[in-house]
$ cat run.cif   # mmCIF, C-alpha atoms
data_protein
#
loop_
_atom_site.label_atom_id
_atom_site.label_comp_id
_atom_site.auth_asym_id
_atom_site.auth_seq_id
_atom_site.Cartn_x
_atom_site.Cartn_y
_atom_site.Cartn_z
CA MET A 1 -30.13 -0.24 -1.39
CA GLU A 2 -32.14 2.62 -2.89
CA ASN A 3 -29.18 4.98 -2.36
CA ILE A 4 -26.89 2.69 -4.32
CA ASN A 5 -29.44 2.29 -7.11
CA GLN A 6 -29.52 6.07 -7.49
CA LEU A 7 -25.72 6.07 -7.77
CA ILE A 8 -25.83 3.34 -10.42
CA SER A 9 -28.37 5.31 -12.45
CA PHE A 10 -26.27 8.47 -12.14
CA VAL A 11 -23.08 6.74 -13.28
CA ARG A 12 -24.77 5.07 -16.24
CA GLU A 13 -26.23 8.40 -17.30
CA GLN A 14 -22.80 10.03 -17.14
CA TYR A 15 -21.13 7.42 -19.34
CA LYS A 16 -24.13 6.67 -21.57
CA THR A 17 -23.80 2.88 -21.46
CA ASP A 18 -25.44 -0.22 -20.02
CA LYS A 19 -22.14 -2.13 -20.23
CA PHE A 20 -19.49 -2.55 -17.55
CA ILE A 21 -18.11 0.81 -16.37
CA PRO A 22 -14.46 0.70 -15.18
CA LEU A 23 -12.98 2.82 -12.45
CA HIS A 24 -10.74 4.86 -14.72
CA GLU A 25 -9.93 4.36 -18.40
CA PRO A 26 -7.96 6.58 -20.79
CA ARG A 27 -9.46 8.82 -23.45
CA PHE A 28 -7.74 9.18 -26.82
CA ARG A 29 -9.45 11.92 -28.76
CA GLY A 30 -6.64 14.23 -29.89
CA ASN A 31 -3.35 13.77 -31.73
CA GLU A 32 -2.42 10.42 -30.18
CA LYS A 33 -2.50 8.35 -33.38
CA LYS A 34 -0.90 11.11 -35.43
CA TYR A 35 2.07 11.52 -33.08
CA VAL A 36 2.62 7.77 -32.56
CA LEU A 37 2.56 7.17 -36.32
CA ASP A 38 4.99 10.04 -36.72
CA THR A 39 7.47 8.27 -34.45
CA ILE A 40 7.10 5.07 -36.48
CA ASP A 41 7.68 6.95 -39.72
CA SER A 42 10.74 8.63 -38.22
CA THR A 43 12.11 5.23 -37.01
CA PHE A 44 12.99 6.93 -33.67
CA VAL A 45 10.78 4.69 -31.56
CA SER A 46 13.15 3.98 -28.67
CA SER A 47 14.71 6.26 -26.07
CA VAL A 48 15.94 9.00 -28.40
CA GLY A 49 13.52 11.25 -30.24
CA ALA A 50 11.92 14.65 -30.50
CA TYR A 51 8.84 13.68 -28.49
CA VAL A 52 10.89 12.84 -25.40
CA ASP A 53 12.36 16.34 -25.42
CA GLN A 54 8.95 17.88 -26.13
CA PHE A 55 7.29 15.92 -23.34
CA GLU A 56 9.90 17.01 -20.81
CA GLN A 57 9.50 20.63 -21.85
CA MET A 58 5.71 20.42 -21.59
CA MET A 59 5.98 18.99 -18.07
CA GLN A 60 8.41 21.71 -17.00
CA THR A 61 5.98 24.34 -18.27
CA PHE A 62 2.90 22.73 -16.76
CA THR A 63 4.40 22.16 -13.31
CA GLN A 64 6.42 25.39 -13.39
CA THR A 65 9.63 23.58 -12.49
CA ASN A 66 13.20 23.97 -13.65
CA LYS A 67 13.74 20.46 -15.03
CA ALA A 68 11.62 17.46 -16.00
CA VAL A 69 13.09 14.07 -16.88
CA ALA A 70 10.97 11.40 -18.58
CA VAL A 71 11.37 7.82 -17.30
CA VAL A 72 9.73 4.43 -17.80
CA ASN A 73 7.21 4.59 -14.95
CA GLY A 74 6.22 6.39 -11.78
CA THR A 75 7.96 3.93 -9.47
CA SER A 76 11.31 4.49 -11.17
CA SER A 77 10.81 8.24 -10.90
CA LEU A 78 10.46 7.89 -7.11
CA GLN A 79 13.37 5.46 -6.83
CA VAL A 80 15.73 7.85 -8.59
CA ALA A 81 14.31 10.93 -6.83
CA LEU A 82 15.11 9.38 -3.46
CA ARG A 83 18.64 8.55 -4.52
CA LEU A 84 19.16 12.10 -5.78
CA ALA A 85 17.85 13.42 -2.46
CA GLY A 86 20.71 11.59 -0.76
CA VAL A 87 19.01 8.39 0.42
CA LYS A 88 21.55 5.60 0.88
CA ALA A 89 21.45 1.96 1.89
CA GLY A 90 20.44 1.62 5.55
CA ASP A 91 18.88 5.09 5.77
CA GLU A 92 15.27 5.65 6.80
CA VAL A 93 12.54 7.46 4.87
CA ILE A 94 9.40 8.77 6.55
CA THR A 95 6.28 8.05 4.51
CA GLN A 96 2.65 6.99 4.90
CA ALA A 97 1.21 3.49 5.22
CA LEU A 98 -1.97 4.56 3.43
CA THR A 99 -0.58 4.58 -0.10
CA PHE A 100 -0.10 2.56 -3.25
CA ILE A 101 2.73 0.07 -2.81
CA ALA A 102 5.06 1.87 -5.24
CA THR A 103 5.76 4.50 -2.56
CA ALA A 104 7.19 1.96 -0.13
CA ASN A 105 8.81 -0.13 -2.87
CA ALA A 106 10.76 2.86 -4.18
CA ILE A 107 12.29 3.26 -0.72
CA MET A 108 13.26 -0.41 -0.54
CA TYR A 109 14.78 -0.35 -4.04
CA ASN A 110 17.32 2.08 -2.57
CA GLN A 111 17.98 -0.46 0.22
CA ALA A 112 16.54 2.09 2.64
CA VAL A 113 13.92 1.55 5.35
CA PRO A 114 10.38 3.00 5.40
CA VAL A 115 9.00 4.49 8.61
CA PHE A 116 5.21 4.61 8.41
CA ILE A 117 3.57 7.71 9.89
CA ASP A 118 -0.16 8.45 10.06
CA VAL A 119 -2.17 10.54 7.60
CA ASP A 120 -4.56 13.45 8.10
CA LEU A 121 -8.26 12.67 7.84
CA ASP A 122 -8.93 15.69 5.65
CA THR A 123 -6.22 15.05 2.99
CA MET A 124 -5.73 11.27 3.35
CA GLY A 125 -2.02 12.14 3.00
CA LEU A 126 0.96 12.27 5.34
CA SER A 127 0.18 14.29 8.48
CA PRO A 128 2.64 17.08 9.39
CA LYS A 129 1.50 16.90 13.02
CA ALA A 130 2.07 13.15 13.15
CA VAL A 131 5.53 13.56 11.57
CA GLU A 132 6.38 16.29 14.10
CA ALA A 133 5.19 14.12 16.99
CA PHE A 134 7.31 11.21 15.79
CA LEU A 135 10.40 13.39 15.41
CA GLU A 136 9.89 15.02 18.80
CA GLN A 137 9.94 11.56 20.33
CA TYR A 138 12.59 9.84 18.21
CA GLY A 139 14.44 12.49 16.19
CA GLU A 140 17.91 13.78 16.94
CA ILE A 141 19.76 16.35 14.85
CA ARG A 142 23.43 15.57 14.40
CA GLU A 143 26.15 17.17 12.32
CA ASP A 144 25.24 15.23 9.16
CA GLY A 145 21.46 15.31 9.49
CA CYS A 146 18.56 13.88 11.45
CA TYR A 147 18.77 10.51 13.16
CA ASN A 148 16.27 8.11 14.69
CA LYS A 149 17.30 7.65 18.32
CA SER A 150 15.50 4.31 18.57
CA THR A 151 17.29 2.71 15.61
CA GLY A 152 20.45 4.79 15.19
CA LYS A 153 19.68 5.20 11.49
CA ARG A 154 19.78 8.47 9.55
CA ILE A 155 16.37 9.79 8.47
CA ALA A 156 17.38 10.77 4.93
CA ALA A 157 14.05 11.90 3.44
CA CYS A 158 10.35 12.41 3.98
CA MET A 159 8.06 11.29 1.16
CA PRO A 160 4.35 12.21 1.31
CA MET A 161 1.93 10.92 -1.31
CA HIS A 162 -0.88 13.13 -2.65
CA THR A 163 -3.65 10.54 -2.31
CA PHE A 164 -5.99 10.39 -5.33
CA GLY A 165 -4.71 13.86 -6.30
CA PHE A 166 -5.64 15.60 -3.02
CA PRO A 167 -2.59 17.63 -1.90
CA VAL A 168 -1.19 17.10 1.59
CA HIS A 169 -0.67 20.09 3.90
CA LEU A 170 2.58 21.00 2.17
CA ASP A 171 3.43 24.23 3.99
CA GLU A 172 3.24 22.56 7.39
CA LEU A 173 5.12 19.49 6.23
CA LEU A 174 7.87 21.57 4.62
CA SER A 175 8.22 23.53 7.85
CA VAL A 176 8.62 20.33 9.89
CA CYS A 177 11.15 18.91 7.41
CA GLU A 178 13.21 22.11 7.37
CA LYS A 179 13.26 22.21 11.18
CA TRP A 180 14.58 18.64 11.32
CA ARG A 181 16.88 18.97 8.28
CA ILE A 182 15.08 16.30 6.26
CA PRO A 183 14.64 16.69 2.46
CA LEU A 184 11.05 16.50 1.20
CA VAL A 185 10.52 14.23 -1.80
CA GLU A 186 6.95 14.40 -3.16
CA ASP A 187 5.21 11.30 -4.47
CA ALA A 188 3.09 13.25 -6.94
CA ALA A 189 2.23 10.15 -9.00
CA GLU A 190 -1.53 10.69 -8.75
CA SER A 191 -1.65 14.46 -8.72
CA LEU A 192 -0.96 15.87 -12.19
CA GLY A 193 -3.17 18.95 -12.37
CA SER A 194 -3.42 19.42 -8.58
CA TYR A 195 -2.33 22.61 -6.82
CA TYR A 196 -1.56 23.68 -3.27
CA LYS A 197 -1.92 27.43 -2.64
CA GLY A 198 -1.43 28.10 -6.34
CA LYS A 199 1.66 25.92 -6.78
CA HIS A 200 1.58 22.63 -8.62
CA THR A 201 2.14 19.51 -6.55
CA GLY A 202 5.63 18.17 -7.07
CA SER A 203 7.09 21.65 -7.34
CA MET A 204 7.49 22.44 -3.65
CA GLY A 205 9.76 19.69 -2.38
CA LEU A 206 13.38 19.09 -3.34
CA ILE A 207 12.40 16.65 -6.09
CA SER A 208 9.34 14.61 -7.03
CA GLY A 209 7.93 11.91 -9.27
CA PHE A 210 4.79 11.63 -11.42
CA SER A 211 3.14 8.61 -13.04
CA PHE A 212 1.68 8.29 -16.54
CA ASN A 213 0.34 4.78 -16.13
CA GLY A 214 -2.68 3.70 -18.17
CA ASN A 215 -5.09 4.56 -15.35
CA LYS A 216 -3.87 8.12 -14.75
CA THR A 217 -5.59 11.36 -15.86
CA VAL A 218 -3.26 11.42 -18.87
CA THR A 219 -1.21 8.43 -19.90
CA SER A 220 1.79 7.43 -21.96
CA GLY A 221 0.84 3.77 -21.64
CA GLY A 222 3.62 3.37 -19.12
CA GLY A 223 5.78 6.22 -18.00
CA GLY A 224 6.86 8.64 -15.32
CA VAL A 225 8.53 12.00 -14.88
CA ILE A 226 11.01 13.35 -12.33
CA VAL A 227 10.69 17.10 -11.72
CA THR A 228 12.83 19.47 -9.66
CA ASN A 229 13.69 23.14 -9.32
CA ASP A 230 17.32 22.28 -8.60
CA ALA A 231 19.15 22.54 -11.94
CA GLU A 232 22.04 20.31 -10.88
CA LEU A 233 19.72 17.62 -9.51
CA GLY A 234 17.73 17.73 -12.73
CA LYS A 235 20.88 17.33 -14.82
CA HIS A 236 21.99 14.42 -12.66
CA ALA A 237 18.53 12.82 -12.93
CA LYS A 238 18.82 12.78 -16.71
CA TYR A 239 22.33 11.36 -16.47
CA LEU A 240 21.45 8.58 -14.01
CA THR A 241 18.34 7.48 -15.90
CA THR A 242 20.25 7.22 -19.19
CA THR A 243 22.79 4.69 -17.82
CA ALA A 244 25.24 7.34 -16.52
CA LYS A 245 27.05 7.34 -19.85
CA ARG A 246 29.53 10.12 -20.52
CA PRO A 247 28.82 11.91 -23.81
CA HIS A 248 31.07 10.68 -26.63
CA PRO A 249 30.58 10.14 -30.36
CA TYR A 250 31.27 6.40 -30.11
CA GLU A 251 32.92 5.34 -26.84
CA PHE A 252 30.92 3.72 -24.02
CA PHE A 253 32.15 4.93 -20.64
CA HIS A 254 29.93 4.94 -17.55
CA ASP A 255 31.31 6.54 -14.40
CA GLU A 256 28.66 5.59 -11.80
CA LEU A 257 25.86 3.11 -11.32
CA GLY A 258 23.03 4.35 -13.53
CA TYR A 259 19.68 3.02 -14.71
CA ASN A 260 18.25 2.21 -18.11
CA PHE A 261 15.04 4.05 -17.18
CA ARG A 262 14.64 6.03 -20.41
CA MET A 263 11.14 6.64 -21.74
CA PRO A 264 10.76 5.43 -25.36
CA ASN A 265 9.86 8.03 -27.97
CA LEU A 266 6.67 6.06 -28.75
CA ASN A 267 5.41 6.57 -25.21
CA ALA A 268 6.49 10.19 -25.18
CA ALA A 269 4.52 10.83 -28.38
CA LEU A 270 1.39 9.49 -26.72
CA ALA A 271 2.12 11.57 -23.61
CA CYS A 272 2.51 14.80 -25.61
CA ALA A 273 -0.85 14.29 -27.28
CA GLN A 274 -2.46 13.53 -23.93
CA LEU A 275 -0.96 16.62 -22.27
CA GLU A 276 -2.50 18.73 -25.03
CA GLU A 277 -5.88 17.47 -23.77
CA LEU A 278 -5.15 17.85 -20.06
CA ASP A 279 -7.00 21.12 -19.43
CA GLY A 280 -10.13 19.67 -20.99
CA PHE A 281 -9.79 16.44 -19.04
CA LEU A 282 -9.42 18.33 -15.76
CA ALA A 283 -12.47 20.49 -16.50
CA ASP A 284 -14.56 17.42 -17.31
CA LYS A 285 -13.48 15.64 -14.12
CA ARG A 286 -14.20 18.71 -12.03
CA ASP A 287 -17.69 18.88 -13.53
CA LEU A 288 -18.22 15.18 -12.76
CA ALA A 289 -17.05 15.80 -9.18
CA VAL A 290 -19.68 18.53 -8.78
CA GLY A 291 -22.33 16.08 -10.00
CA TYR A 292 -21.18 13.42 -7.55
CA ALA A 293 -21.05 15.93 -4.69
CA ASN A 294 -24.65 16.98 -5.31
CA LEU A 295 -25.80 13.36 -5.63
CA PHE A 296 -24.10 12.09 -2.50
CA ARG A 297 -25.17 15.12 -0.49
CA GLY A 298 -28.76 14.15 -1.22
CA LEU A 299 -28.04 10.54 -0.31
CA GLY A 300 -26.40 11.44 2.99
CA ILE A 301 -23.03 9.97 1.95
CA LYS A 302 -19.78 11.90 2.36
CA PHE A 303 -18.11 12.69 -0.96
CA ARG A 304 -14.46 13.69 -0.70
CA GLU A 305 -13.86 17.25 -1.95
CA GLU A 306 -10.81 19.52 -2.16
CA LEU A 307 -9.83 21.74 0.76
CA PRO A 308 -10.02 25.56 0.49
CA GLU A 309 -6.24 25.99 0.04
CA ALA A 310 -6.01 23.25 -2.60
CA LYS A 311 -7.20 22.50 -6.10
CA ALA A 312 -7.50 18.77 -6.71
CA ASN A 313 -7.36 17.03 -10.07
CA TYR A 314 -10.07 14.57 -8.92
CA TRP A 315 -8.09 11.71 -10.44
CA LEU A 316 -9.96 9.03 -8.51
CA MET A 317 -13.09 10.30 -6.80
CA CYS A 318 -14.16 8.69 -3.55
CA VAL A 319 -16.75 8.49 -0.82
CA GLU A 320 -16.39 7.87 2.89
CA LEU A 321 -18.89 5.33 4.21
CA GLU A 322 -20.06 4.84 7.80
CA ASN A 323 -18.07 1.69 8.58
CA LYS A 324 -16.52 -1.42 7.08
CA VAL A 325 -19.85 -3.26 6.90
CA GLU A 326 -21.36 -0.45 4.84
CA ARG A 327 -18.21 -0.39 2.69
CA GLU A 328 -18.45 -4.09 1.90
CA HIS A 329 -22.15 -3.81 1.03
CA PHE A 330 -21.46 -0.82 -1.25
CA LEU A 331 -18.59 -2.61 -3.02
CA LYS A 332 -20.51 -5.85 -3.54
CA TYR A 333 -23.71 -4.25 -4.81
CA THR A 334 -22.05 -1.82 -7.26
CA ASN A 335 -19.59 -4.31 -8.71
CA GLU A 336 -22.31 -6.92 -9.19
CA ALA A 337 -24.27 -4.24 -11.07
CA GLY A 338 -21.37 -3.67 -13.49
CA ILE A 339 -20.18 -0.44 -11.88
CA MET A 340 -16.57 -0.81 -10.77
CA THR A 341 -15.84 0.55 -7.31
CA ARG A 342 -12.73 -0.20 -5.26
CA PRO A 343 -11.63 0.12 -1.64
CA ILE A 344 -8.59 2.16 -0.71
CA TRP A 345 -5.35 0.20 -0.41
CA ASN A 346 -4.47 -2.19 2.38
CA LEU A 347 -2.13 -0.34 4.71
CA MET A 348 1.52 -1.04 3.98
CA HIS A 349 2.24 -2.45 7.43
CA ARG A 350 -0.35 -5.18 6.84
CA LEU A 351 1.58 -6.56 3.84
CA PRO A 352 4.06 -9.43 4.37
CA MET A 353 7.16 -7.50 3.26
CA TYR A 354 6.38 -4.46 5.43
CA LEU A 355 5.08 -6.09 8.62
CA ASN A 356 8.00 -5.29 10.90
CA PHE A 357 8.90 -1.69 10.10
CA GLN A 358 8.57 1.13 12.60
CA ARG A 359 5.24 2.94 12.61
CA ASP A 360 3.05 5.09 14.79
CA GLU A 361 -0.50 4.34 15.90
CA GLN A 362 -2.04 4.75 12.38
CA LYS A 363 -5.39 5.73 13.89
CA ASN A 364 -6.50 7.90 10.96
CA ALA A 365 -5.13 5.53 8.32
CA GLU A 366 -7.04 2.61 9.81
CA PHE A 367 -10.23 4.69 10.00
CA LEU A 368 -9.95 5.57 6.30
CA GLU A 369 -8.92 2.07 5.27
CA GLU A 370 -12.26 0.77 6.50
CA ARG A 371 -14.40 3.47 4.86
CA ILE A 372 -12.98 4.95 1.65
CA VAL A 373 -14.28 3.67 -1.70
CA ASN A 374 -13.40 4.93 -5.18
CA VAL A 375 -16.19 5.46 -7.72
CA PRO A 376 -15.90 5.66 -11.55
CA SER A 377 -13.82 8.70 -12.41
CA SER A 378 -12.98 8.53 -16.11
CA VAL A 379 -13.27 11.56 -18.35
CA ARG A 380 -16.65 11.28 -20.07
#
$ encode --input "run.cif" --output "structure tokens"
Amino acid sequence: MENINQLISFVREQYKTDKFIPLHEPRFRGNEKKYVLDTIDSTFVSSVGAYVDQFEQMMQTFTQTNKAVAVVNGTSSLQVALRLAGVKAGDEVITQALTFIATANAIMYNQAVPVFIDVDLDTMGLSPKAVEAFLEQYGEIREDGCYNKSTGKRIAACMPMHTFGFPVHLDELLSVCEKWRIPLVEDAAESLGSYYKGKHTGSMGLISGFSFNGNKTVTSGGGGVIVTNDAELGKHAKYLTTTAKRPHPYEFFHDELGYNFRMPNLNAALACAQLEELDGFLADKRDLAVGYANLFRGLGIKFREELPEAKANYWLMCVELENKVEREHFLKYTNEAGIMTRPIWNLMHRLPMYLNFQRDEQKNAEFLEERIVNVPSSVR
């Protein structure tokens, strides 16, 4: 009880309020109003406008990738990324059960099948060793790729998720995927501003998706971005997400099934202003993480910190409690005190629509599910 009271006092001091403190809320302190009003004055408020182009260029520069394509949300970025990676109806995609539901949903939207593999305790993200163990048991390389011997289905992609902005062990995972001829598609939705061995998350796989939802480090209200270093894939991503319409002054001709996933210029204007503030936001969150680490160290509670080879964005900061009973007590006491805390997600294979998909033991995922709690992480 005393430990939690010290946390409550610390959080209230950070945010200078006695009112309810949410888990993560946006900060608008730069050019947001100016740029949004500029789009209104220009009348280009929909899917065509200068801010869409500017936003894509800013994301290419920030992530050091060849092409960025703005879309309506993070889920759509993953859905299209998987299709561009070659995922077809009936294929399988290796991913993690410890994730936000958008990861699994994006697979299903392609009429593909998720295979849930365990995470690493240190990253909370997809475990290269667990993926390797699964493939050693069930994988079979054929002329057109890797197949699952137990189902007969092609394993068309592997999609790790960088949980709360903590990068997975990308080098090891890439090595496993290359060995088994499986494309790596990064779910980088939560990891804008995170790096693995000096490279931005989302830049190391074949293609990836980011989210700019209202609760992310920077937001466009609703939005996402596809990034890739493959120029042709990037070009095709833009084409597919703008209804696959062939360029013409006035004719409407569409030569494949595309999506109306275009980001409106209004949202892109907000995103550009937010990206201008990103370095400051990341510095503030890193400073808050240091404060939390010092506090929890004194309280004897494990605060989750970045690994030596990684630089995390500390999007949502979290602690690891002793067991589920301690977790429930922590959640109840803090929320009743007006400090929002939240457990990690229910594992995907516990949800009704994902009950019967192939999975491994999920030992680490279940351990974390019972213990991880997010604490307020907004920029101050």
$ residues_around --input "run.cif" --residues "range 274-291 of chain A" --least-positions-apart "3" --cutoff "6 Å" --atoms "all atoms listed in the file" --output "MDAnalysis selection string"
chainID A and resid 218 271 294 379
$ atom_distance --input "run.cif" --atom1 "CA of Ser208 in chain A" --atom2 "CA of Val319 in chain A"
27.5 Å
$ resolve_selection --input "run.cif" --expression "the PyMOL selection byres ((chain A and resi 205) around 6)" --output "number ranges by chain"
A: 184-185, 203-204, 206-207
$ closest_atom_pairs --input "run.cif" --of "range 65-93 of chain A" --to "range 246-258 of chain A" --cutoff "12 Å" --atoms "all atoms listed in the file" --output "JSON lines"
{"residue": "A:Ser76", "atom": "CA", "partner": "A:Gly258", "partner_atom": "CA", "distance": 12.0}
{"residue": "A:Gln79", "atom": "CA", "partner": "A:Gly258", "partner_atom": "CA", "distance": 11.8}
{"residue": "A:Val80", "atom": "CA", "partner": "A:Gly258", "partner_atom": "CA", "distance": 9.5}
{"residue": "A:Arg83", "atom": "CA", "partner": "A:Gly258", "partner_atom": "CA", "distance": 10.9}
{"residue": "A:Leu84", "atom": "CA", "partner": "A:Gly258", "partner_atom": "CA", "distance": 11.6}
$ closest_residue --input "run.cif" --among "A:Glu136, A:Asp360, A:Asp144, A:Glu56" --to "Ile226 in chain A" --atoms "only C-alpha atoms"
A:Glu56
$ closest_residue --input "run.cif" --among "A:Pro308, A:Gly298, A:Pro264, A:Pro128" --to "Ser175 in chain A" --atoms "only C-alpha atoms"
A:Pro128
$ residues_around --input "run.cif" --residues "Thr341 in chain A" --least-positions-apart "5" --cutoff "9 Å" --atoms "all atoms listed in the file" --output "VMD selection string"
chain A and resid 22 to 23 330 to 332 334 to 335 373 to 376
$ closest_residue --input "run.cif" --among "A:Val87, A:Ala189, A:Lys129, A:Thr63" --to "Leu174 in chain A" --atoms "only C-alpha atoms"
A:Lys129
$ closest_residue --input "run.cif" --among "A:Met340, A:Ile101, A:Met159, A:Ala89" --to "Val115 in chain A" --atoms "only C-alpha atoms"
A:Met159
$ build_atoms --input "run.cif" --residues "range 344-364 of chain A" --atoms "N, CA and C atoms" --output "PDB file, in the frame of the given file"
ATOM      1  N   ILE A 344      -9.940   1.611  -0.779  1.00  0.00           N
ATOM      2  CA  ILE A 344      -8.590   2.160  -0.710  1.00  0.00           C
ATOM      3  C   ILE A 344      -7.629   1.008  -0.409  1.00  0.00           C
ATOM      4  N   TRP A 345      -6.337   1.261  -0.547  1.00  0.00           N
ATOM      5  CA  TRP A 345      -5.350   0.200  -0.410  1.00  0.00           C
ATOM      6  C   TRP A 345      -5.295  -0.387   1.010  1.00  0.00           C
ATOM      7  N   ASN A 346      -4.862  -1.650   1.081  1.00  0.00           N
ATOM      8  CA  ASN A 346      -4.470  -2.190   2.380  1.00  0.00           C
ATOM      9  C   ASN A 346      -3.266  -1.403   2.879  1.00  0.00           C
ATOM     10  N   LEU A 347      -3.252  -1.096   4.156  1.00  0.00           N
ATOM     11  CA  LEU A 347      -2.130  -0.340   4.710  1.00  0.00           C
ATOM     12  C   LEU A 347      -0.832  -1.131   4.546  1.00  0.00           C
ATOM     13  N   MET A 348       0.243  -0.407   4.277  1.00  0.00           N
ATOM     14  CA  MET A 348       1.520  -1.040   3.980  1.00  0.00           C
ATOM     15  C   MET A 348       1.964  -1.991   5.089  1.00  0.00           C
ATOM     16  N   HIS A 349       1.745  -1.614   6.340  1.00  0.00           N
ATOM     17  CA  HIS A 349       2.240  -2.450   7.430  1.00  0.00           C
ATOM     18  C   HIS A 349       1.434  -3.731   7.613  1.00  0.00           C
ATOM     19  N   ARG A 350       0.391  -3.917   6.817  1.00  0.00           N
ATOM     20  CA  ARG A 350      -0.350  -5.180   6.840  1.00  0.00           C
ATOM     21  C   ARG A 350       0.195  -6.168   5.799  1.00  0.00           C
ATOM     22  N   LEU A 351       1.055  -5.708   4.908  1.00  0.00           N
ATOM     23  CA  LEU A 351       1.580  -6.560   3.840  1.00  0.00           C
ATOM     24  C   LEU A 351       2.795  -7.344   4.333  1.00  0.00           C
ATOM     25  N   PRO A 352       2.997  -8.561   3.824  1.00  0.00           N
ATOM     26  CA  PRO A 352       4.060  -9.430   4.370  1.00  0.00           C
ATOM     27  C   PRO A 352       5.438  -8.792   4.393  1.00  0.00           C
ATOM     28  N   MET A 353       5.801  -8.049   3.340  1.00  0.00           N
ATOM     29  CA  MET A 353       7.160  -7.500   3.260  1.00  0.00           C
ATOM     30  C   MET A 353       7.360  -6.258   4.109  1.00  0.00           C
ATOM     31  N   TYR A 354       6.275  -5.697   4.647  1.00  0.00           N
ATOM     32  CA  TYR A 354       6.380  -4.460   5.430  1.00  0.00           C
ATOM     33  C   TYR A 354       5.831  -4.603   6.857  1.00  0.00           C
ATOM     34  N   LEU A 355       5.699  -5.844   7.315  1.00  0.00           N
ATOM     35  CA  LEU A 355       5.080  -6.090   8.620  1.00  0.00           C
ATOM     36  C   LEU A 355       5.871  -5.511   9.796  1.00  0.00           C
ATOM     37  N   ASN A 356       7.173  -5.532   9.710  1.00  0.00           N
ATOM     38  CA  ASN A 356       8.000  -5.290  10.900  1.00  0.00           C
ATOM     39  C   ASN A 356       8.726  -3.960  10.917  1.00  0.00           C
ATOM     40  N   PHE A 357       8.252  -3.004  10.121  1.00  0.00           N
ATOM     41  CA  PHE A 357       8.900  -1.690  10.100  1.00  0.00           C
ATOM     42  C   PHE A 357       8.261  -0.759  11.133  1.00  0.00           C
ATOM     43  N   GLN A 358       9.047   0.200  11.573  1.00  0.00           N
ATOM     44  CA  GLN A 358       8.570   1.130  12.600  1.00  0.00           C
ATOM     45  C   GLN A 358       7.385   1.941  12.090  1.00  0.00           C
ATOM     46  N   ARG A 359       6.418   2.141  12.963  1.00  0.00           N
ATOM     47  CA  ARG A 359       5.240   2.940  12.610  1.00  0.00           C
ATOM     48  C   ARG A 359       4.656   3.544  13.859  1.00  0.00           C
ATOM     49  N   ASP A 360       3.788   4.540  13.659  1.00  0.00           N
ATOM     50  CA  ASP A 360       3.050   5.090  14.790  1.00  0.00           C
ATOM     51  C   ASP A 360       1.693   4.397  14.900  1.00  0.00           C
ATOM     52  N   GLU A 361       0.765   5.008  15.598  1.00  0.00           N
ATOM     53  CA  GLU A 361      -0.500   4.340  15.900  1.00  0.00           C
ATOM     54  C   GLU A 361      -1.365   4.069  14.667  1.00  0.00           C
ATOM     55  N   GLN A 362      -1.272   4.929  13.631  1.00  0.00           N
ATOM     56  CA  GLN A 362      -2.040   4.750  12.380  1.00  0.00           C
ATOM     57  C   GLN A 362      -3.556   4.832  12.597  1.00  0.00           C
ATOM     58  N   LYS A 363      -3.963   5.628  13.565  1.00  0.00           N
ATOM     59  CA  LYS A 363      -5.390   5.730  13.890  1.00  0.00           C
ATOM     60  C   LYS A 363      -6.204   6.241  12.701  1.00  0.00           C
ATOM     61  N   ASN A 364      -5.755   7.328  12.082  1.00  0.00           N
ATOM     62  CA  ASN A 364      -6.500   7.900  10.960  1.00  0.00           C
ATOM     63  C   ASN A 364      -6.447   6.994   9.735  1.00  0.00           C
TER      64      ASN A 364
END
